[in-house]
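Visitor: Take this structure first; my questions come after.
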Amino acid sequence: MEINAVRLWQRLMELGEIGKQDSGGVTRFSFTEEERRAKDRVISYMKEAGLTVREDSAGNVIGRREGADPLAPAVLTGSHIDTVPHGGKFDGALGVLAAIEALQSMEEKGIATDHPIEVIAFTDEEGSRFGFGMIGSRALAGTLRQEDLERHKDERHLSIADAMRAAGYDPDRIGQAAKDPRQVKAYVELHIEQGSVLERHRLPVGVVSGIAGPLWLQFTLTGQAGHAGATPMNMRRDPLRAASEWMNWIYREAGKYPNAVATVGKIGAAPGGVNVIPEQVEFTLDLRDIDEAARNALESSIWEYGNRVCASHQVELAVRTLQRVAPAPCSPEIMAAIEAACRKAGIEQPPALPSGAGHDGMQFRSRWPIGMIFVRSREGISHSPKEWSSQEDCGAGAEVLYHTLLQLANERKK
Ligand code: GLV
Ligand code: MN
Ligand code: MN
């Protein structure tokens, strides 16, 4: 093995202690003290790997290893170190640490490449704090707008811009984080699968064919509050009743599509009394498909049904689109490079599989070629403290990333 799987594992466990709760889950939201500590730890690993480190105006931590030709476009790799609430140790963190491990191993072996390689720990991929994710990768792609920073707010009504200022960043400089596509050759990310396809294949590593696009909507249904005992069933304007009928319909409808998934992850009823018919209900919907046309068709039918069900209960409906990210196919050339790297790592015929989860690379789909390496997840569980990939599988993934990077960055023959 060319990489050091033990060192990778030690760092993974160490980073997983930052933001760890008594229950065992890890919570690291963007622009918080926990995230700062995690970034500082990553910076120290990058320095140990011999990288030149900087933080851009979006808070992305970037470690660079120069190429023999410093003017050649860079090969980018990395992932994120923020987490969902009560998440695991692997989602995001493994991709950042495996990339650092790959570059540190090249350094220790004195291996040079023509192209520079940059490892990036992206700011806020998950979207957990502001209901708007991939903040750092959007900034790098040059698509993050000032109004995005003002519009999206956390539970305490702080905007992304407010949170950035409080953490010592200047939101007015966000544009400076954009990369000129001419300076980038490719982006390749290693990530845990978060599904169980690789487990079924009994293989540690797979090649991602494309990434499903998340559409996040927030619905607000407003009716009439009333007495739970004294208001006859046929005289109510109950937004929770309309919402529950609607949700049930959404789940059934999504199940008719081969690859669509629909999730209501957040719901609130106000004023929230056991004996009070709610006045207002708010819920979010996360809708995904690898096929954008299918997602569009499902979305239209959800609208149509929602309007009908709200009208029938005399409930008003308002909607906010939190984020609409297009599905992103992976580059066939990078997929081929990953397959070749798998063979070098002794993994024959790795399966090609789509990613249901979203990833930073999606933001680069029309900027430069992207590719992803998946590492087997135990029981496919993720976004949970039970998230797990073995030390051996993490090492195998990092080994594949190492060979992929050497191929994409043109290892110099001595
Ligand atoms: C991130 O994990 C997402 O897919 O929402
Ligand atoms: Mn992730
Ligand atoms: Mn995630």
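In the structure tokens, chains take letters A, B, ... by order of appearance, with residues numbered from 1 within each chain and ligands from 1 in the order shown.
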Fewer than 5 positions away in the same chain doesn't count, so skip those; otherwise give me all residues within 7 Å of region 273-290 of chain A, counting only C-alpha atoms, as number ranges by chain.

Guide: A: 211-228, 238-240, 259-268, 295, 327

Visitor: Could you report the residues within 6 Å of ligand 1, using only C-alpha atoms and all ligand atoms, as a list in words?

Guide: Glu126, Ala357 and Gly358 of chain A

Visitor: Which polymer residues have any atom within 9 Å of an atom of region 155-162 of chain A, counting only C-alpha atoms, with same-chain residues fewer than 5 positions away left out, as a VMD selection string?

Guide: chain A and resid 31 129 to 130 146 148 to 150 167 169 to 172

Visitor: Which one of A:Ile370, A:Val375, A:Val309, A:Ala297 sits closest to Glu392 (chain A) if you count only C-alpha atoms?

Guide: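 Using only C-alpha atoms, the shortest distance to Glu392 (chain A) belongs to A:Val375.
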
Visitor: Near region 397-407 of chain A, within 10 Å and counting only C-alpha atoms, which residues show up once chain neighbours fewer than 5 positions away are dropped, as an NGL selection string?

Guide: :A and (1-5 or 8 or 75-77 or 94-95 or 97-106 or 111-115 or 117 or 186-192 or 204-206 or 334-347 or 372-376 or 391-392 or 412)

Visitor: Go through A:Gln314, A:Asn234, A:Asn60, A:Ser384 one by one, measure the shortest atom-to-atom distance of each to ligand 3 using only C-alpha atoms and all ligand atoms, and give the residue with the smallest value.

Guide: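 Selected residue with least distance to ligand 3: A:Ser384.
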
Visitor: Tell me which of A:Ser331, A:Ser79, A:Thr123, A:Ser355 sits closest to ligand 2, counting only C-alpha atoms and all ligand atoms.

Guide: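 Between A:Ser331, A:Ser79, A:Thr123, A:Ser355, the residue approaching ligand 2 most closely is A:Ser79.
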
Visitor: Within 12 Å of Thr27 (chain A), counting only C-alpha atoms, which residues show up once you throw out same-chain ones fewer than 2 positions away? Write them as a PyMOL selection string, please.

Guide: chain A and resi 15-25+29-30+32-35+38+81-89+91+126+128-129+383-385

Visitor: Between A:Val96, A:Met233, A:Ala243, A:Ala68, which has the minimum distance to ligand 2 (counting only C-alpha atoms and all ligand atoms)?

Guide: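 Looking at the shortest contact to ligand 2, the residue is A:Val96.
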
Visitor: Could you give me the residues within region 95-250 of chain A that DSSP places in helix (DSSP H, G or I), as a PyMOL selection string?

Guide: chain A and resi 95-109+135-141+146-151+160-166+171-177+181-183+197-201+233-235+239-250

Visitor: Enumerate, as a PDB file with all heavy atoms, in the first residue's frame, the complete set of residues in region 172-221 of chain A that a backbone-based DSSP assignment places in strand (DSSP E or B).

Guide:
```pdb
ATOM      1  N   VAL A 184      -8.097  25.286 -13.475  1.00  0.00           N
ATOM      2  CA  VAL A 184      -8.487  24.002 -12.894  1.00  0.00           C
ATOM      3  C   VAL A 184      -8.562  22.930 -13.976  1.00  0.00           C
ATOM      4  O   VAL A 184      -9.178  23.133 -15.021  1.00  0.00           O
ATOM      5  CB  VAL A 184      -9.868  24.103 -12.199  1.00  0.00           C
ATOM      6  CG1 VAL A 184     -10.247  22.768 -11.585  1.00  0.00           C
ATOM      7  CG2 VAL A 184      -9.855  25.188 -11.135  1.00  0.00           C
ATOM      8  N   LYS A 185      -7.941  21.790 -13.708  1.00  0.00           N
ATOM      9  CA  LYS A 185      -8.001  20.688 -14.671  1.00  0.00           C
ATOM     10  C   LYS A 185      -9.187  19.778 -14.361  1.00  0.00           C
ATOM     11  O   LYS A 185      -9.895  19.325 -15.262  1.00  0.00           O
ATOM     12  CB  LYS A 185      -6.696  19.884 -14.628  1.00  0.00           C
ATOM     13  CG  LYS A 185      -6.688  18.782 -15.668  1.00  0.00           C
ATOM     14  CD  LYS A 185      -5.425  17.957 -15.651  1.00  0.00           C
ATOM     15  CE  LYS A 185      -5.535  16.863 -16.707  1.00  0.00           C
ATOM     16  NZ  LYS A 185      -4.654  15.740 -16.433  1.00  0.00           N
ATOM     17  N   ALA A 186      -9.382  19.465 -13.084  1.00  0.00           N
ATOM     18  CA  ALA A 186     -10.405  18.495 -12.709  1.00  0.00           C
ATOM     19  C   ALA A 186     -10.660  18.573 -11.212  1.00  0.00           C
ATOM     20  O   ALA A 186      -9.842  19.116 -10.460  1.00  0.00           O
ATOM     21  CB  ALA A 186      -9.916  17.089 -13.059  1.00  0.00           C
ATOM     22  N   TYR A 187     -11.817  18.010 -10.796  1.00  0.00           N
ATOM     23  CA  TYR A 187     -12.105  17.880  -9.363  1.00  0.00           C
ATOM     24  C   TYR A 187     -12.459  16.431  -9.090  1.00  0.00           C
ATOM     25  O   TYR A 187     -13.317  15.851  -9.760  1.00  0.00           O
ATOM     26  CB  TYR A 187     -13.286  18.780  -8.978  1.00  0.00           C
ATOM     27  CG  TYR A 187     -13.733  18.571  -7.532  1.00  0.00           C
ATOM     28  CD1 TYR A 187     -12.969  19.063  -6.474  1.00  0.00           C
ATOM     29  CD2 TYR A 187     -14.908  17.885  -7.230  1.00  0.00           C
ATOM     30  CE1 TYR A 187     -13.364  18.870  -5.157  1.00  0.00           C
ATOM     31  CE2 TYR A 187     -15.311  17.695  -5.908  1.00  0.00           C
ATOM     32  CZ  TYR A 187     -14.537  18.193  -4.883  1.00  0.00           C
ATOM     33  OH  TYR A 187     -14.927  18.010  -3.578  1.00  0.00           O
ATOM     34  N   VAL A 188     -11.790  15.843  -8.103  1.00  0.00           N
ATOM     35  CA  VAL A 188     -12.134  14.463  -7.739  1.00  0.00           C
ATOM     36  C   VAL A 188     -12.287  14.376  -6.224  1.00  0.00           C
ATOM     37  O   VAL A 188     -11.463  14.892  -5.476  1.00  0.00           O
ATOM     38  CB  VAL A 188     -11.102  13.444  -8.320  1.00  0.00           C
ATOM     39  CG1 VAL A 188      -9.700  13.753  -7.886  1.00  0.00           C
ATOM     40  CG2 VAL A 188     -11.452  12.029  -7.937  1.00  0.00           C
ATOM     41  N   GLU A 189     -13.389  13.785  -5.789  1.00  0.00           N
ATOM     42  CA  GLU A 189     -13.706  13.734  -4.353  1.00  0.00           C
ATOM     43  C   GLU A 189     -13.917  12.301  -3.914  1.00  0.00           C
ATOM     44  O   GLU A 189     -14.575  11.518  -4.596  1.00  0.00           O
ATOM     45  CB  GLU A 189     -14.995  14.547  -4.091  1.00  0.00           C
ATOM     46  CG  GLU A 189     -15.497  14.445  -2.650  1.00  0.00           C
ATOM     47  CD  GLU A 189     -16.621  15.441  -2.315  1.00  0.00           C
ATOM     48  OE1 GLU A 189     -16.856  16.387  -3.103  1.00  0.00           O
ATOM     49  OE2 GLU A 189     -17.254  15.264  -1.259  1.00  0.00           O
ATOM     50  N   LEU A 190     -13.377  11.979  -2.763  1.00  0.00           N
ATOM     51  CA  LEU A 190     -13.653  10.684  -2.143  1.00  0.00           C
ATOM     52  C   LEU A 190     -14.702  10.916  -1.060  1.00  0.00           C
ATOM     53  O   LEU A 190     -14.624  11.899  -0.325  1.00  0.00           O
ATOM     54  CB  LEU A 190     -12.364  10.123  -1.547  1.00  0.00           C
ATOM     55  CG  LEU A 190     -12.505   8.809  -0.762  1.00  0.00           C
ATOM     56  CD1 LEU A 190     -11.263   7.949  -0.976  1.00  0.00           C
ATOM     57  CD2 LEU A 190     -12.694   9.052   0.731  1.00  0.00           C
ATOM     58  N   HIS A 191     -15.660  10.006  -0.961  1.00  0.00           N
ATOM     59  CA  HIS A 191     -16.744  10.174   0.022  1.00  0.00           C
ATOM     60  C   HIS A 191     -17.264   8.800   0.407  1.00  0.00           C
ATOM     61  O   HIS A 191     -17.152   7.848  -0.366  1.00  0.00           O
ATOM     62  CB  HIS A 191     -17.884  10.997  -0.609  1.00  0.00           C
ATOM     63  CG  HIS A 191     -18.756  11.687   0.386  1.00  0.00           C
ATOM     64  ND1 HIS A 191     -19.742  11.023   1.079  1.00  0.00           N
ATOM     65  CD2 HIS A 191     -18.791  12.973   0.814  1.00  0.00           C
ATOM     66  CE1 HIS A 191     -20.345  11.895   1.893  1.00  0.00           C
ATOM     67  NE2 HIS A 191     -19.785  13.089   1.751  1.00  0.00           N
ATOM     68  N   ILE A 192     -17.834   8.692   1.591  1.00  0.00           N
ATOM     69  CA  ILE A 192     -18.510   7.429   1.926  1.00  0.00           C
ATOM     70  C   ILE A 192     -19.756   7.301   1.046  1.00  0.00           C
ATOM     71  O   ILE A 192     -20.365   8.308   0.666  1.00  0.00           O
ATOM     72  CB  ILE A 192     -18.890   7.346   3.422  1.00  0.00           C
ATOM     73  CG1 ILE A 192     -19.658   8.596   3.869  1.00  0.00           C
ATOM     74  CG2 ILE A 192     -17.652   7.112   4.267  1.00  0.00           C
ATOM     75  CD1 ILE A 192     -20.371   8.416   5.203  1.00  0.00           C
ATOM     76  N   VAL A 205     -14.647  -0.199  -2.641  1.00  0.00           N
ATOM     77  CA  VAL A 205     -14.619   1.069  -3.375  1.00  0.00           C
ATOM     78  C   VAL A 205     -15.459   0.978  -4.643  1.00  0.00           C
ATOM     79  O   VAL A 205     -15.521  -0.078  -5.280  1.00  0.00           O
ATOM     80  CB  VAL A 205     -13.149   1.413  -3.754  1.00  0.00           C
ATOM     81  CG1 VAL A 205     -13.073   2.642  -4.654  1.00  0.00           C
ATOM     82  CG2 VAL A 205     -12.311   1.665  -2.495  1.00  0.00           C
ATOM     83  N   GLY A 206     -16.105   2.076  -5.012  1.00  0.00           N
ATOM     84  CA  GLY A 206     -16.865   2.145  -6.257  1.00  0.00           C
ATOM     85  C   GLY A 206     -16.614   3.462  -6.966  1.00  0.00           C
ATOM     86  O   GLY A 206     -16.035   4.393  -6.398  1.00  0.00           O
ATOM     87  N   VAL A 207     -17.051   3.522  -8.228  1.00  0.00           N
ATOM     88  CA  VAL A 207     -16.837   4.703  -9.060  1.00  0.00           C
ATOM     89  C   VAL A 207     -18.193   5.385  -9.259  1.00  0.00           C
ATOM     90  O   VAL A 207     -19.136   4.754  -9.743  1.00  0.00           O
ATOM     91  CB  VAL A 207     -16.266   4.288 -10.443  1.00  0.00           C
ATOM     92  CG1 VAL A 207     -15.907   5.519 -11.256  1.00  0.00           C
ATOM     93  CG2 VAL A 207     -15.068   3.369 -10.277  1.00  0.00           C
ATOM     94  N   VAL A 208     -18.280   6.642  -8.907  1.00  0.00           N
ATOM     95  CA  VAL A 208     -19.572   7.344  -9.002  1.00  0.00           C
ATOM     96  C   VAL A 208     -19.817   7.775 -10.453  1.00  0.00           C
ATOM     97  O   VAL A 208     -18.924   8.300 -11.114  1.00  0.00           O
ATOM     98  CB  VAL A 208     -19.586   8.565  -8.052  1.00  0.00           C
ATOM     99  CG1 VAL A 208     -20.889   9.344  -8.180  1.00  0.00           C
ATOM    100  CG2 VAL A 208     -19.375   8.093  -6.617  1.00  0.00           C
ATOM    101  N   SER A 209     -21.044   7.517 -10.922  1.00  0.00           N
ATOM    102  CA  SER A 209     -21.376   7.847 -12.317  1.00  0.00           C
ATOM    103  C   SER A 209     -22.026   9.230 -12.423  1.00  0.00           C
ATOM    104  O   SER A 209     -21.958   9.880 -13.461  1.00  0.00           O
ATOM    105  CB  SER A 209     -22.315   6.789 -12.890  1.00  0.00           C
ATOM    106  OG  SER A 209     -23.434   6.637 -12.037  1.00  0.00           O
ATOM    107  N   GLY A 210     -22.684   9.671 -11.357  1.00  0.00           N
ATOM    108  CA  GLY A 210     -23.346  10.983 -11.380  1.00  0.00           C
ATOM    109  C   GLY A 210     -23.983  11.243 -10.030  1.00  0.00           C
ATOM    110  O   GLY A 210     -24.118  10.326  -9.217  1.00  0.00           O
ATOM    111  N   ILE A 211     -24.345  12.500  -9.794  1.00  0.00           N
ATOM    112  CA  ILE A 211     -24.863  12.896  -8.470  1.00  0.00           C
ATOM    113  C   ILE A 211     -26.281  13.447  -8.624  1.00  0.00           C
ATOM    114  O   ILE A 211     -26.523  14.347  -9.436  1.00  0.00           O
ATOM    115  CB  ILE A 211     -23.951  13.981  -7.842  1.00  0.00           C
ATOM    116  CG1 ILE A 211     -22.465  13.597  -7.952  1.00  0.00           C
ATOM    117  CG2 ILE A 211     -24.332  14.219  -6.394  1.00  0.00           C
ATOM    118  CD1 ILE A 211     -21.508  14.705  -7.550  1.00  0.00           C
ATOM    119  N   GLY A 213     -29.619  15.543  -7.920  1.00  0.00           N
ATOM    120  CA  GLY A 213     -29.718  16.953  -7.521  1.00  0.00           C
ATOM    121  C   GLY A 213     -30.767  17.171  -6.446  1.00  0.00           C
ATOM    122  O   GLY A 213     -31.903  16.748  -6.608  1.00  0.00           O
ATOM    123  N   PRO A 214     -30.400  17.851  -5.347  1.00  0.00           N
ATOM    124  CA  PRO A 214     -31.407  18.157  -4.324  1.00  0.00           C
ATOM    125  C   PRO A 214     -32.197  19.444  -4.635  1.00  0.00           C
ATOM    126  O   PRO A 214     -31.612  20.464  -4.995  1.00  0.00           O
ATOM    127  CB  PRO A 214     -30.575  18.329  -3.045  1.00  0.00           C
ATOM    128  CG  PRO A 214     -29.197  18.671  -3.486  1.00  0.00           C
ATOM    129  CD  PRO A 214     -29.035  18.200  -4.911  1.00  0.00           C
ATOM    130  N   LEU A 215     -33.501  19.344  -4.489  1.00  0.00           N
ATOM    131  CA  LEU A 215     -34.379  20.520  -4.523  1.00  0.00           C
ATOM    132  C   LEU A 215     -34.976  20.642  -3.126  1.00  0.00           C
ATOM    133  O   LEU A 215     -35.554  19.679  -2.619  1.00  0.00           O
ATOM    134  CB  LEU A 215     -35.498  20.293  -5.558  1.00  0.00           C
ATOM    135  CG  LEU A 215     -36.681  21.262  -5.480  1.00  0.00           C
ATOM    136  CD1 LEU A 215     -36.260  22.685  -5.762  1.00  0.00           C
ATOM    137  CD2 LEU A 215     -37.776  20.833  -6.456  1.00  0.00           C
ATOM    138  N   TRP A 216     -34.765  21.790  -2.494  1.00  0.00           N
ATOM    139  CA  TRP A 216     -35.285  21.989  -1.127  1.00  0.00           C
ATOM    140  C   TRP A 216     -36.365  23.057  -1.143  1.00  0.00           C
ATOM    141  O   TRP A 216     -36.125  24.197  -1.562  1.00  0.00           O
ATOM    142  CB  TRP A 216     -34.164  22.444  -0.172  1.00  0.00           C
ATOM    143  CG  TRP A 216     -33.198  21.371   0.195  1.00  0.00           C
ATOM    144  CD1 TRP A 216     -33.127  20.110  -0.323  1.00  0.00           C
ATOM    145  CD2 TRP A 216     -32.145  21.465   1.171  1.00  0.00           C
ATOM    146  NE1 TRP A 216     -32.094  19.417   0.270  1.00  0.00           N
ATOM    147  CE2 TRP A 216     -31.481  20.215   1.183  1.00  0.00           C
ATOM    148  CE3 TRP A 216     -31.695  22.473   2.019  1.00  0.00           C
ATOM    149  CZ2 TRP A 216     -30.394  19.964   2.023  1.00  0.00           C
ATOM    150  CZ3 TRP A 216     -30.611  22.231   2.863  1.00  0.00           C
ATOM    151  CH2 TRP A 216     -29.973  20.972   2.859  1.00  0.00           C
ATOM    152  N   LEU A 217     -37.557  22.683  -0.690  1.00  0.00           N
ATOM    153  CA  LEU A 217     -38.684  23.621  -0.623  1.00  0.00           C
ATOM    154  C   LEU A 217     -39.145  23.760   0.815  1.00  0.00           C
ATOM    155  O   LEU A 217     -39.044  22.814   1.600  1.00  0.00           O
ATOM    156  CB  LEU A 217     -39.850  23.094  -1.478  1.00  0.00           C
ATOM    157  CG  LEU A 217     -39.547  22.865  -2.965  1.00  0.00           C
ATOM    158  CD1 LEU A 217     -40.693  22.131  -3.641  1.00  0.00           C
ATOM    159  CD2 LEU A 217     -39.276  24.190  -3.668  1.00  0.00           C
ATOM    160  N   GLN A 218     -39.643  24.939   1.129  1.00  0.00           N
ATOM    161  CA  GLN A 218     -40.213  25.145   2.465  1.00  0.00           C
ATOM    162  C   GLN A 218     -41.646  25.632   2.281  1.00  0.00           C
ATOM    163  O   GLN A 218     -41.881  26.656   1.629  1.00  0.00           O
ATOM    164  CB  GLN A 218     -39.405  26.190   3.218  1.00  0.00           C
ATOM    165  CG  GLN A 218     -39.914  26.396   4.635  1.00  0.00           C
ATOM    166  CD  GLN A 218     -39.035  27.381   5.385  1.00  0.00           C
ATOM    167  OE1 GLN A 218     -38.657  28.426   4.850  1.00  0.00           O
ATOM    168  NE2 GLN A 218     -38.696  27.053   6.607  1.00  0.00           N
ATOM    169  N   PHE A 219     -42.593  24.890   2.832  1.00  0.00           N
ATOM    170  CA  PHE A 219     -44.008  25.232   2.686  1.00  0.00           C
ATOM    171  C   PHE A 219     -44.545  25.837   3.984  1.00  0.00           C
ATOM    172  O   PHE A 219     -44.248  25.336   5.077  1.00  0.00           O
ATOM    173  CB  PHE A 219     -44.832  23.971   2.394  1.00  0.00           C
ATOM    174  CG  PHE A 219     -44.436  23.288   1.116  1.00  0.00           C
ATOM    175  CD1 PHE A 219     -43.800  22.053   1.136  1.00  0.00           C
ATOM    176  CD2 PHE A 219     -44.687  23.874  -0.113  1.00  0.00           C
ATOM    177  CE1 PHE A 219     -43.425  21.421  -0.042  1.00  0.00           C
ATOM    178  CE2 PHE A 219     -44.320  23.246  -1.297  1.00  0.00           C
ATOM    179  CZ  PHE A 219     -43.688  22.021  -1.263  1.00  0.00           C
ATOM    180  N   THR A 220     -45.348  26.868   3.851  1.00  0.00           N
ATOM    181  CA  THR A 220     -46.052  27.432   5.018  1.00  0.00           C
ATOM    182  C   THR A 220     -47.546  27.384   4.713  1.00  0.00           C
ATOM    183  O   THR A 220     -48.004  27.958   3.715  1.00  0.00           O
ATOM    184  CB  THR A 220     -45.613  28.885   5.271  1.00  0.00           C
ATOM    185  OG1 THR A 220     -44.189  28.906   5.365  1.00  0.00           O
ATOM    186  CG2 THR A 220     -46.212  29.418   6.562  1.00  0.00           C
ATOM    187  N   LEU A 221     -48.290  26.667   5.542  1.00  0.00           N
ATOM    188  CA  LEU A 221     -49.737  26.525   5.364  1.00  0.00           C
ATOM    189  C   LEU A 221     -50.416  27.283   6.504  1.00  0.00           C
ATOM    190  O   LEU A 221     -50.114  27.043   7.683  1.00  0.00           O
ATOM    191  CB  LEU A 221     -50.158  25.047   5.421  1.00  0.00           C
ATOM    192  CG  LEU A 221     -49.871  24.200   4.180  1.00  0.00           C
ATOM    193  CD1 LEU A 221     -48.382  23.988   3.990  1.00  0.00           C
ATOM    194  CD2 LEU A 221     -50.565  22.849   4.310  1.00  0.00           C
TER     195      LEU A 221
END
```
